[in-house]
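J.: The structure file data_0.cif (mmCIF, C-alpha atoms) is provided below.
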```cif
data_my_file
loop_
_atom_site.group_PDB
_atom_site.id
_atom_site.type_symbol
_atom_site.label_atom_id
_atom_site.label_comp_id
_atom_site.auth_asym_id
_atom_site.auth_seq_id
_atom_site.Cartn_x
_atom_site.Cartn_y
_atom_site.Cartn_z
ATOM 1 C CA MET O 1 -12.503 -44.004 -16.566
ATOM 2 C CA GLU O 2 -15.311 -41.619 -15.680
ATOM 3 C CA SER O 3 -14.664 -37.999 -16.566
ATOM 4 C CA PHE O 4 -15.470 -35.038 -14.318
ATOM 5 C CA PRO O 5 -15.563 -31.960 -16.602
ATOM 6 C CA GLY O 6 -16.314 -29.539 -13.783
ATOM 7 C CA ILE O 7 -13.294 -30.634 -11.774
ATOM 8 C CA ASN O 8 -11.098 -30.572 -14.870
ATOM 9 C CA ASN O 9 -12.226 -27.023 -15.657
ATOM 10 C CA ILE O 10 -11.453 -25.870 -12.119
ATOM 11 C CA SER O 11 -8.016 -27.474 -12.298
ATOM 12 C CA LEU O 12 -7.296 -25.831 -15.664
ATOM 13 C CA GLU O 13 -8.420 -22.441 -14.382
ATOM 14 C CA SER O 14 -6.200 -22.776 -11.306
ATOM 15 C CA MET O 15 -3.194 -23.639 -13.474
ATOM 16 C CA GLU O 16 -3.856 -20.637 -15.704
ATOM 17 C CA GLN O 17 -4.162 -18.374 -12.665
ATOM 18 C CA GLU O 18 -0.900 -19.709 -11.245
ATOM 19 C CA ARG O 19 0.947 -19.064 -14.521
ATOM 20 C CA MET O 20 -0.507 -15.560 -14.701
ATOM 21 C CA ILE O 21 0.516 -14.702 -11.126
ATOM 22 C CA ASN O 22 4.013 -16.145 -11.625
ATOM 23 C CA SER O 23 4.456 -14.099 -14.797
ATOM 24 C CA LEU O 24 3.203 -10.830 -13.294
ATOM 25 C CA SER O 25 5.121 -11.368 -10.060
ATOM 26 C CA ALA O 26 8.355 -11.745 -12.031
ATOM 27 C CA ARG O 27 7.528 -8.661 -14.103
ATOM 28 C CA PHE O 28 6.857 -6.502 -11.054
ATOM 29 C CA GLU O 29 9.988 -7.791 -9.336
ATOM 30 C CA THR O 30 11.996 -6.612 -12.337
ATOM 31 C CA GLN O 31 10.245 -3.234 -12.294
ATOM 32 C CA LYS O 32 10.893 -2.861 -8.591
ATOM 33 C CA LYS O 33 14.623 -3.499 -9.006
ATOM 34 C CA LEU O 34 14.751 -0.919 -11.801
ATOM 35 C CA TYR O 35 12.728 1.844 -10.187
ATOM 36 C CA GLN O 36 12.902 1.533 -6.401
ATOM 37 C CA PRO O 37 15.324 3.956 -4.697
ATOM 38 C CA ASN O 38 18.846 2.628 -4.246
ATOM 39 C CA PRO O 39 20.177 3.387 -0.736
ATOM 40 C CA GLU O 40 23.717 3.504 -2.111
ATOM 41 C CA ASP O 41 22.716 6.689 -3.956
ATOM 42 C CA PHE O 42 22.360 8.325 -0.521
ATOM 43 C CA PHE O 43 25.956 7.735 0.620
ATOM 44 C CA GLU O 44 26.885 11.328 -0.214
ATOM 45 C CA GLN O 45 23.432 12.849 0.356
ATOM 46 C CA LYS O 46 23.300 15.648 2.926
ATOM 47 C CA GLY O 47 22.069 14.361 6.284
ATOM 48 C CA PHE O 48 23.110 10.747 5.629
ATOM 49 C CA ILE O 49 26.064 8.827 7.038
ATOM 50 C CA LYS O 50 27.486 6.177 4.714
ATOM 51 C CA GLU O 51 28.186 3.678 7.499
ATOM 52 C CA ASP O 52 24.590 3.928 8.776
ATOM 53 C CA VAL O 53 23.195 3.383 5.295
ATOM 54 C CA GLU O 54 25.443 0.352 4.819
ATOM 55 C CA LYS O 55 24.183 -1.126 8.099
ATOM 56 C CA GLU O 56 20.569 -0.738 6.967
ATOM 57 C CA ILE O 57 21.313 -2.310 3.595
ATOM 58 C CA ALA O 58 22.937 -5.288 5.338
ATOM 59 C CA LEU O 59 20.092 -5.675 7.849
ATOM 60 C CA ALA O 60 17.419 -5.537 5.140
ATOM 61 C CA LYS O 61 19.325 -8.161 3.131
ATOM 62 C CA LYS O 62 19.563 -10.373 6.215
ATOM 63 C CA LEU O 63 15.830 -10.098 6.924
ATOM 64 C CA LYS O 64 14.995 -10.831 3.287
ATOM 65 C CA GLU O 65 17.215 -13.913 3.193
ATOM 66 C CA LYS O 66 15.806 -15.118 6.521
ATOM 67 C CA TRP O 67 12.259 -14.845 5.218
ATOM 68 C CA GLU O 68 13.132 -16.653 1.986
ATOM 69 C CA SER O 69 14.857 -19.500 3.835
ATOM 70 C CA GLN O 70 12.231 -19.986 6.549
ATOM 71 C CA SER O 71 8.990 -19.422 4.647
ATOM 72 C CA THR O 72 6.860 -22.323 3.472
ATOM 73 C CA ASN O 73 5.934 -22.798 -0.177
ATOM 74 C CA PHE O 74 2.409 -21.679 0.693
ATOM 75 C CA GLU O 75 3.721 -18.429 2.218
ATOM 76 C CA LYS O 76 5.866 -17.792 -0.848
ATOM 77 C CA GLU O 77 2.870 -18.276 -3.123
ATOM 78 C CA GLN O 78 0.862 -15.883 -0.944
ATOM 79 C CA LYS O 79 3.647 -13.320 -1.235
ATOM 80 C CA LYS O 80 3.516 -13.540 -5.017
ATOM 81 C CA LEU O 81 -0.155 -12.571 -4.881
ATOM 82 C CA ALA O 82 0.645 -9.678 -2.542
ATOM 83 C CA ASP O 83 3.480 -8.556 -4.841
ATOM 84 C CA VAL O 84 1.133 -8.563 -7.850
ATOM 85 C CA LEU O 85 -1.456 -6.532 -5.941
ATOM 86 C CA GLU O 86 1.260 -4.100 -4.845
ATOM 87 C CA GLY O 87 2.559 -3.721 -8.413
ATOM 88 C CA ILE O 88 -0.894 -3.049 -9.836
ATOM 89 C CA ILE O 89 -1.637 -0.510 -7.094
ATOM 90 C CA VAL O 90 1.635 1.352 -7.763
ATOM 91 C CA ASP O 91 0.906 1.436 -11.490
ATOM 92 C CA GLN O 92 -2.744 2.473 -11.114
ATOM 93 C CA PHE O 93 -2.012 5.079 -8.448
ATOM 94 C CA CYS O 94 0.196 6.881 -10.965
ATOM 95 C CA GLY O 95 -2.862 7.516 -13.102
ATOM 96 C CA ASP O 96 -6.617 7.186 -13.014
ATOM 97 C CA TRP O 97 -7.062 5.582 -9.584
ATOM 98 C CA MET O 98 -5.674 8.756 -7.973
ATOM 99 C CA ALA O 99 -7.411 11.047 -10.482
ATOM 100 C CA ASN O 100 -3.986 11.921 -11.934
ATOM 101 C CA LYS O 101 -3.233 13.923 -8.788
ATOM 102 C CA ALA O 102 -0.495 11.680 -7.412
ATOM 103 C CA GLU O 103 2.479 9.486 -8.216
ATOM 104 C CA ALA O 104 3.356 6.186 -6.592
ATOM 105 C CA PHE O 105 6.630 4.381 -6.193
ATOM 106 C CA PHE O 106 8.109 1.280 -4.621
ATOM 107 C CA THR O 107 10.142 1.833 -1.481
ATOM 108 C CA ALA O 108 13.800 0.913 -1.031
ATOM 109 C CA GLU O 109 14.371 -2.494 0.574
ATOM 110 C CA PRO O 110 15.371 -1.048 3.992
ATOM 111 C CA ASP O 111 12.147 0.981 4.103
ATOM 112 C CA ASP O 112 10.180 -2.112 3.065
ATOM 113 C CA TYR O 113 11.740 -4.617 5.466
ATOM 114 C CA LEU O 114 12.574 -2.311 8.392
ATOM 115 C CA ARG O 115 9.668 0.147 8.267
ATOM 116 C CA LYS O 116 6.902 -1.990 6.758
ATOM 117 C CA VAL O 117 6.043 0.338 3.883
ATOM 118 C CA ASP O 118 5.632 -1.360 0.504
ATOM 119 C CA CYS O 119 5.004 1.725 -1.586
ATOM 120 C CA VAL O 120 4.371 5.441 -1.260
ATOM 121 C CA VAL O 121 1.792 7.743 -2.776
ATOM 122 C CA GLU O 122 3.252 11.186 -3.349
ATOM 123 C CA PHE O 123 0.524 13.744 -3.887
ATOM 124 C CA LYS O 124 1.696 16.186 -6.527
ATOM 125 C CA PRO O 125 2.843 19.259 -4.602
ATOM 126 C CA THR O 126 1.658 22.766 -5.321
ATOM 127 C CA GLN O 127 4.107 25.630 -5.040
ATOM 128 C CA GLU O 128 3.346 26.276 -1.380
ATOM 129 C CA ASP O 129 3.255 22.649 -0.253
ATOM 130 C CA LYS O 130 6.155 21.076 1.590
ATOM 131 C CA PRO O 131 6.974 17.537 0.414
ATOM 132 C CA GLU O 132 7.163 16.086 3.918
ATOM 133 C CA TYR O 133 3.423 16.546 4.356
ATOM 134 C CA LEU O 134 2.428 14.946 1.084
ATOM 135 C CA GLY O 135 3.620 11.358 1.380
ATOM 136 C CA LEU O 136 1.321 8.461 2.219
ATOM 137 C CA GLY O 137 2.865 5.094 3.030
ATOM 138 C CA ILE O 138 0.988 2.004 1.877
ATOM 139 C CA ASP O 139 1.177 -1.440 3.467
ATOM 140 C CA VAL O 140 -0.438 -3.756 0.920
ATOM 141 C CA THR O 141 -1.875 -6.965 2.313
ATOM 142 C CA PHE O 142 -3.479 -9.875 0.571
ATOM 143 C CA SER O 143 -5.161 -11.885 3.277
ATOM 144 C CA SER O 144 -8.506 -13.119 4.514
ATOM 145 C CA ASP O 145 -6.970 -13.702 7.947
ATOM 146 C CA ASP O 146 -8.404 -11.160 10.381
ATOM 147 C CA GLU O 147 -5.373 -11.417 12.638
ATOM 148 C CA VAL O 148 -2.920 -10.520 9.855
ATOM 149 C CA ILE O 149 -4.792 -7.326 9.005
ATOM 150 C CA LYS O 150 -5.349 -6.472 12.670
ATOM 151 C CA LYS O 151 -1.612 -6.851 13.370
ATOM 152 C CA LYS O 152 -0.734 -4.457 10.553
ATOM 153 C CA LEU O 153 -3.286 -1.883 11.701
ATOM 154 C CA GLU O 154 -2.143 -2.197 15.316
ATOM 155 C CA ASP O 155 1.464 -1.586 14.256
ATOM 156 C CA ILE O 156 0.485 1.804 12.813
ATOM 157 C CA TRP O 157 -1.447 2.846 15.893
ATOM 158 C CA VAL O 158 1.219 1.719 18.368
ATOM 159 C CA LYS O 159 4.260 3.101 16.512
ATOM 160 C CA ASP O 160 2.755 6.201 14.903
ATOM 161 C CA ILE O 161 -0.632 7.494 16.028
ATOM 162 C CA LYS O 162 -0.350 7.029 19.789
ATOM 163 C CA LYS O 163 3.195 8.412 19.714
ATOM 164 C CA GLU O 164 2.011 11.470 17.762
ATOM 165 C CA SER O 165 4.448 10.705 14.986
ATOM 166 C CA ARG O 166 4.668 9.389 11.460
ATOM 167 C CA THR O 167 6.913 6.814 9.859
ATOM 168 C CA GLU O 168 10.183 8.185 8.550
ATOM 169 C CA LEU O 169 11.147 6.670 5.227
ATOM 170 C CA MET O 170 14.868 7.096 4.792
ATOM 171 C CA TYR O 171 15.341 6.613 1.061
ATOM 172 C CA VAL O 172 12.913 8.656 -1.030
ATOM 173 C CA ASP O 173 13.968 9.717 -4.510
ATOM 174 C CA THR O 174 11.265 11.279 -6.691
ATOM 175 C CA ASP O 175 11.034 14.070 -9.251
ATOM 176 C CA HIS O 176 10.078 16.435 -6.429
ATOM 177 C CA TYR O 177 12.206 15.296 -3.530
ATOM 178 C CA LYS O 178 15.245 13.314 -2.420
ATOM 179 C CA GLY O 179 15.959 12.457 1.196
ATOM 180 C CA SER O 180 14.052 11.137 4.186
ATOM 181 C CA LEU O 181 10.295 11.664 4.294
ATOM 182 C CA LEU O 182 7.755 11.526 7.109
ATOM 183 C CA VAL O 183 4.595 9.721 5.979
ATOM 184 C CA SER O 184 1.268 8.710 7.409
ATOM 185 C CA ARG O 185 0.655 4.988 6.868
ATOM 186 C CA VAL O 186 -2.446 3.068 5.819
ATOM 187 C CA VAL O 187 -3.196 -0.593 5.177
ATOM 188 C CA LEU O 188 -4.840 -1.657 1.912
ATOM 189 C CA ALA O 189 -6.390 -5.128 1.900
ATOM 190 C CA ALA O 190 -7.803 -7.388 -0.802
ATOM 191 C CA ASN O 191 -8.873 -11.004 -1.093
ATOM 192 C CA LYS O 192 -7.619 -13.617 -3.543
ATOM 193 C CA GLU O 193 -10.549 -13.276 -5.944
ATOM 194 C CA ILE O 194 -9.972 -9.535 -6.318
ATOM 195 C CA VAL O 195 -6.256 -10.030 -6.982
ATOM 196 C CA TYR O 196 -7.028 -12.570 -9.717
ATOM 197 C CA GLU O 197 -9.571 -10.211 -11.328
ATOM 198 C CA LEU O 198 -7.184 -7.260 -11.292
ATOM 199 C CA ALA O 199 -4.279 -9.389 -12.511
ATOM 200 C CA LYS O 200 -6.257 -10.690 -15.481
ATOM 201 C CA LEU O 201 -7.312 -7.182 -16.503
ATOM 202 C CA TYR O 202 -3.763 -5.906 -16.111
ATOM 203 C CA LYS O 203 -2.296 -8.802 -18.097
ATOM 204 C CA ASN O 204 -4.841 -8.271 -20.889
ATOM 205 C CA LYS O 205 -4.196 -4.497 -20.855
ATOM 206 C CA ASP O 206 -7.896 -3.831 -20.306
ATOM 207 C CA THR O 207 -7.220 -0.351 -18.969
ATOM 208 C CA GLU O 208 -10.784 0.935 -19.144
ATOM 209 C CA THR O 209 -12.198 -1.904 -17.038
ATOM 210 C CA LEU O 210 -9.267 -1.763 -14.640
ATOM 211 C CA ASN O 211 -9.683 1.984 -14.150
ATOM 212 C CA ASN O 212 -13.321 1.464 -13.238
ATOM 213 C CA HIS O 213 -13.059 -1.733 -11.215
ATOM 214 C CA PRO O 214 -15.256 -1.693 -8.067
ATOM 215 C CA TYR O 215 -12.194 -2.468 -5.937
ATOM 216 C CA LEU O 216 -11.080 1.138 -6.465
ATOM 217 C CA ALA O 217 -14.076 2.320 -4.423
ATOM 218 C CA ASN O 218 -13.029 -0.083 -1.685
ATOM 219 C CA VAL O 219 -9.413 1.142 -1.777
ATOM 220 C CA LEU O 220 -10.387 4.803 -1.505
ATOM 221 C CA SER O 221 -12.853 4.031 1.286
ATOM 222 C CA GLN O 222 -10.227 2.056 3.227
ATOM 223 C CA MET O 223 -7.794 4.960 2.901
ATOM 224 C CA LYS O 224 -10.370 7.596 3.826
ATOM 225 C CA TYR O 225 -11.582 5.779 6.922
ATOM 226 C CA GLN O 226 -8.073 5.274 8.267
ATOM 227 C CA LEU O 227 -6.913 8.839 7.591
ATOM 228 C CA GLU O 228 -10.067 10.302 9.121
ATOM 229 C CA SER O 229 -9.682 8.124 12.203
ATOM 230 C CA TYR O 230 -6.157 9.508 12.733
ATOM 231 C CA TYR O 231 -7.534 13.042 12.514
ATOM 232 C CA HIS O 232 -10.453 12.430 14.889
ATOM 233 C CA TYR O 233 -8.195 10.641 17.378
ATOM 234 C CA ALA O 234 -5.703 13.534 17.303
ATOM 235 C CA GLN O 235 -8.520 15.987 17.934
ATOM 236 C CA ASN O 236 -10.250 13.953 20.651
ATOM 237 C CA LYS O 237 -7.026 13.217 22.539
ATOM 238 C CA LYS O 238 -5.668 16.740 22.001
ATOM 239 C CA LEU O 239 -2.460 15.466 20.442
ATOM 240 C CA SER O 240 0.320 17.830 19.421
ATOM 241 C CA ALA O 241 -0.462 20.663 17.025
ATOM 242 C CA SER O 242 2.302 19.540 14.644
ATOM 243 C CA PHE O 243 0.888 16.014 14.399
ATOM 244 C CA LEU O 244 -2.615 17.369 13.838
ATOM 245 C CA ARG O 245 -1.378 19.722 11.107
ATOM 246 C CA SER O 246 0.438 16.934 9.285
ATOM 247 C CA THR O 247 -2.671 14.745 9.459
ATOM 248 C CA VAL O 248 -4.864 17.543 8.101
ATOM 249 C CA LYS O 249 -2.396 18.225 5.284
ATOM 250 C CA THR O 250 -2.350 14.598 4.130
ATOM 251 C CA LEU O 251 -6.121 14.252 4.505
ATOM 252 C CA THR O 252 -6.720 17.442 2.504
ATOM 253 C CA ALA O 253 -4.504 16.194 -0.321
ATOM 254 C CA PHE O 254 -6.378 12.882 -0.300
ATOM 255 C CA TYR O 255 -9.787 14.621 -0.339
ATOM 256 C CA ALA O 256 -8.859 16.251 -3.647
ATOM 257 C CA VAL O 257 -8.653 12.751 -5.128
ATOM 258 C CA TYR O 258 -11.707 11.444 -3.291
ATOM 259 C CA GLU O 259 -13.927 14.294 -4.495
ATOM 260 C CA GLU O 260 -12.966 13.616 -8.109
ATOM 261 C CA LYS O 261 -14.264 10.066 -7.661
ATOM 262 C CA GLU O 262 -17.517 10.856 -5.813
ATOM 263 C CA ASP O 263 -19.858 9.655 -8.579
ATOM 264 C CA PHE O 264 -17.900 6.432 -8.975
ATOM 265 C CA LEU O 265 -17.856 5.902 -5.201
ATOM 266 C CA ALA O 266 -21.608 6.439 -4.965
ATOM 267 C CA THR O 267 -22.188 3.808 -7.661
ATOM 268 C CA HIS O 268 -20.265 1.188 -5.658
ATOM 269 C CA GLU O 269 -21.121 2.327 -2.142
ATOM 270 C CA LYS O 270 -23.362 -0.616 -1.278
ATOM 271 C CA GLU O 271 -20.841 -3.316 -2.184
ATOM 272 C CA THR O 272 -18.044 -1.427 -0.415
ATOM 273 C CA MET O 273 -20.089 -1.088 2.779
ATOM 274 C CA GLU O 274 -20.835 -4.820 2.674
ATOM 275 C CA ASP O 275 -17.228 -5.893 2.031
ATOM 276 C CA PRO O 276 -15.750 -7.877 4.972
ATOM 277 C CA LEU O 277 -12.241 -6.406 4.603
ATOM 278 C CA PHE O 278 -13.484 -2.819 4.562
ATOM 279 C CA ASN O 279 -15.660 -3.546 7.576
ATOM 280 C CA GLN O 280 -12.763 -5.087 9.462
ATOM 281 C CA ILE O 281 -10.724 -1.914 8.954
ATOM 282 C CA LYS O 282 -13.732 0.225 9.864
ATOM 283 C CA SER O 283 -14.430 -1.756 13.048
ATOM 284 C CA PHE O 284 -10.793 -1.574 14.117
ATOM 285 C CA CYS O 285 -10.659 2.207 13.670
ATOM 286 C CA ASP O 286 -14.015 2.683 15.405
ATOM 287 C CA ALA O 287 -12.742 0.714 18.403
ATOM 288 C CA LYS O 288 -9.633 2.903 18.620
ATOM 289 C CA LEU O 289 -11.734 6.067 18.569
ATOM 290 C CA ALA O 290 -14.095 4.675 21.206
ATOM 291 C CA GLY O 291 -11.237 3.615 23.499
#
```
Take the structure in this file and express it as structure tokens.

T.:
Amino acid sequence: MESFPGINNISLESMEQERMINSLSARFETQKKLYQPNPEDFFEQKGFIKEDVEKEIALAKKLKEKWESQSTNFEKEQKKLADVLEGIIVDQFCGDWMANKAEAFFTAEPDDYLRKVDCVVEFKPTQEDKPEYLGLGIDVTFSSDDEVIKKKLEDIWVKDIKKESRTELMYVDTDHYKGSLLVSRVVLAANKEIVYELAKLYKNKDTETLNNHPYLANVLSQMKYQLESYYHYAQNKKLSASFLRSTVKTLTAFYAVYEEKEDFLATHEKETMEDPLFNQIKSFCDAKLAG
């Protein structure tokens, strides 16, 4: 029988990638269960009602089970990729990717399933900063489907920006704060190739290359463009002073990170500006500001 080495190599590479993603997905799932906030720990917390917390726990469980029972195998495989990307982002945001100026953590299941926030960046507060202004909610998406990303972006603008509000996470438990937390939200997008590259570096513990991966420039640019669009929209539409202040506070905290990475960002500016996912986010925000 005639051999096709090229096809065999592609098949072998795909199998290796699948094993790697399965392994990392399982690892991050374990980490999430260990470190994400447990809503039951809020039963006796001031400002919380046990019965309300129990209802949210039950609803989140129901939504999770519904997704698992109704999703196709393809959708489940896609979710594994998204989970790996989310896990790497949480880990990297606790260190070099955020210039050691922030911490990141997984959200509790009710905040994930009910409020569409996968993880939170908590900018390290200074003595005068109030924690409620320093949280940034992240919705991680792995997709090349324009409609998926557009839907996530639209959700933020409809539920938060145009209502002059932020998303209230109910179950936040960090070294600096425990309770509910108002956060601005952003979407972070990546394609399959990027997830595989990051996953391989993470698996091989190639920290130096991972810390300086070009995708970081894309991530920071995606965040910056979205946060700045919220600020400009609030100014242009003369939204409430409290909403504008909260936007400025979060943006200022983010700028401290961004400025630390200016040289790195300049090195990768061209490829970021040419990236389809960054440009989709940019075009969406530009349209909102023009509207």

J.: Excluding O:Val140 and its own-chain neighbours fewer than 2 positions away, which residues fall within 12 Å of it when counting all atoms listed in the file? Please give them as number ranges by chain.

T.: O: 79, 81-90, 106, 112, 116-120, 137-138, 142-143, 148-149, 152-153, 185-191, 195, 219, 222-223

J.: As an exercise, work out the distance from atom CA of O:Ser242 to atom CA of O:Gln280 in Å and give it to one decimal place.

T.: 29.3 Å

J.: Hey, could you make a per-residue contact list for stretch 16-117 of chain O against stretch 201-204 of chain O with 10 Å as the cut-off, showing the nearest pair of atoms and its distance in Å to one decimal, counting all atoms listed in the file, sorted by chain and number, as a tab-separated table?

T.:
```
residue	atom	partner	partner_atom	distance
O:Met20	CA	O:Lys203	CA	7.8
O:Ile21	CA	O:Lys203	CA	9.6
O:Ser23	CA	O:Lys203	CA	9.2
O:Leu24	CA	O:Lys203	CA	7.6
O:Val84	CA	O:Tyr202	CA	10.0
O:Ile88	CA	O:Tyr202	CA	7.5
O:Asp91	CA	O:Tyr202	CA	9.9
O:Gln92	CA	O:Tyr202	CA	9.8
```

J.: Contacts of stretch 266-268 of chain O at 12 Å or less, counting all atoms listed in the file, minus same-chain residues fewer than 2 places along, as a VMD selection string?

T.: chain O and resid 212 to 221 258 to 264 270 to 275

J.: Using only C-alpha atoms, which residue out of O:Lys224, O:Gly95, O:Glu154, O:Leu210 lies closest to O:Ile194?

T.: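 Closest candidate: O:Leu210.
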
J.: Using only C-alpha atoms, find the one residue out of O:Lys162, O:Lys33, O:Trp67, O:Thr72 that sits nearest to O:Lys237.

T.: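 Of all the options, O:Lys162 lies closest to O:Lys237.
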
J.: For the point (-4.9, 10.8, -13.0) in file coordinates, what residues are within 12 Å, counting only C-alpha atoms? Give the answer as a list in words?

T.: Asp91, Gln92, Phe93, Cys94, Gly95, Asp96, Trp97, Met98, Ala99, Asn100, Lys101, Ala102, Glu103, Ala104, Phe123, Lys124, Asn211, Ala256, Val257, Tyr258, Glu260 and Lys261 of chain O

J.: Go ahead and compute the interatomic distance for atom CA of O:Glu68 and atom CA of O:Leu12, in Å to one decimal.

T.: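 So the two atoms, atom CA of O:Glu68 and atom CA of O:Leu12, lie 28.5 Å apart.
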
J.: Please measure the separation of atom CA of O:Glu228 and atom CA of O:Val172, giving the value in Å to one decimal.

T.: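 We find that atom CA of O:Glu228 and atom CA of O:Val172 lie 25.2 Å from each other.
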
J.: For the file shown, what are the residues hit by the PyMOL selection byres ((chain O and resi 36) around 9), laid out as a ChimeraX atom specification?

T.: /O:31-35,37-38,105-109,172-173

J.: Quick one: residues within 9 Å of stretch 45-56 of chain O, only C-alpha atoms counted, chain neighbours fewer than 4 positions away excluded, as a PyMOL selection string?

T.: chain O and resi 39-41+60-61+110+114+178-180

J.: Using the chain letters and numbers from the file, which residues does the PyMOL selection byres ((chain O and resi 167) around 10) grab, as an MDAnalysis selection string?

T.: chainID O and resid 111 115:117 136:137 156 159:161 165:166 168:170 181:185

J.: Let me see the file: selected residues, C-alpha atoms, as a short mmCIF file (atom, residue, chain, number, x, y, z; two decimals), keeping the file's coordinate frame.

T.:
```
data_model
loop_
_atom_site.label_atom_id
_atom_site.label_comp_id
_atom_site.auth_asym_id
_atom_site.auth_seq_id
_atom_site.Cartn_x
_atom_site.Cartn_y
_atom_site.Cartn_z
CA ASP O 111 12.15 0.98 4.10
CA ARG O 115 9.67 0.15 8.27
CA LYS O 116 6.90 -1.99 6.76
CA VAL O 117 6.04 0.34 3.88
CA LEU O 136 1.32 8.46 2.22
CA GLY O 137 2.86 5.09 3.03
CA ILE O 156 0.48 1.80 12.81
CA LYS O 159 4.26 3.10 16.51
CA ASP O 160 2.76 6.20 14.90
CA ILE O 161 -0.63 7.49 16.03
CA SER O 165 4.45 10.70 14.99
CA ARG O 166 4.67 9.39 11.46
CA GLU O 168 10.18 8.18 8.55
CA LEU O 169 11.15 6.67 5.23
CA MET O 170 14.87 7.10 4.79
CA LEU O 181 10.30 11.66 4.29
CA LEU O 182 7.76 11.53 7.11
CA VAL O 183 4.60 9.72 5.98
CA SER O 184 1.27 8.71 7.41
CA ARG O 185 0.66 4.99 6.87
#
```

J.: Decode the PyMOL selection byres ((chain O and resi 243) around 9) for the given file into explicit residues and return them as a PyMOL selection string.

T.: chain O and resi 161+164-166+234+239-242+244-248
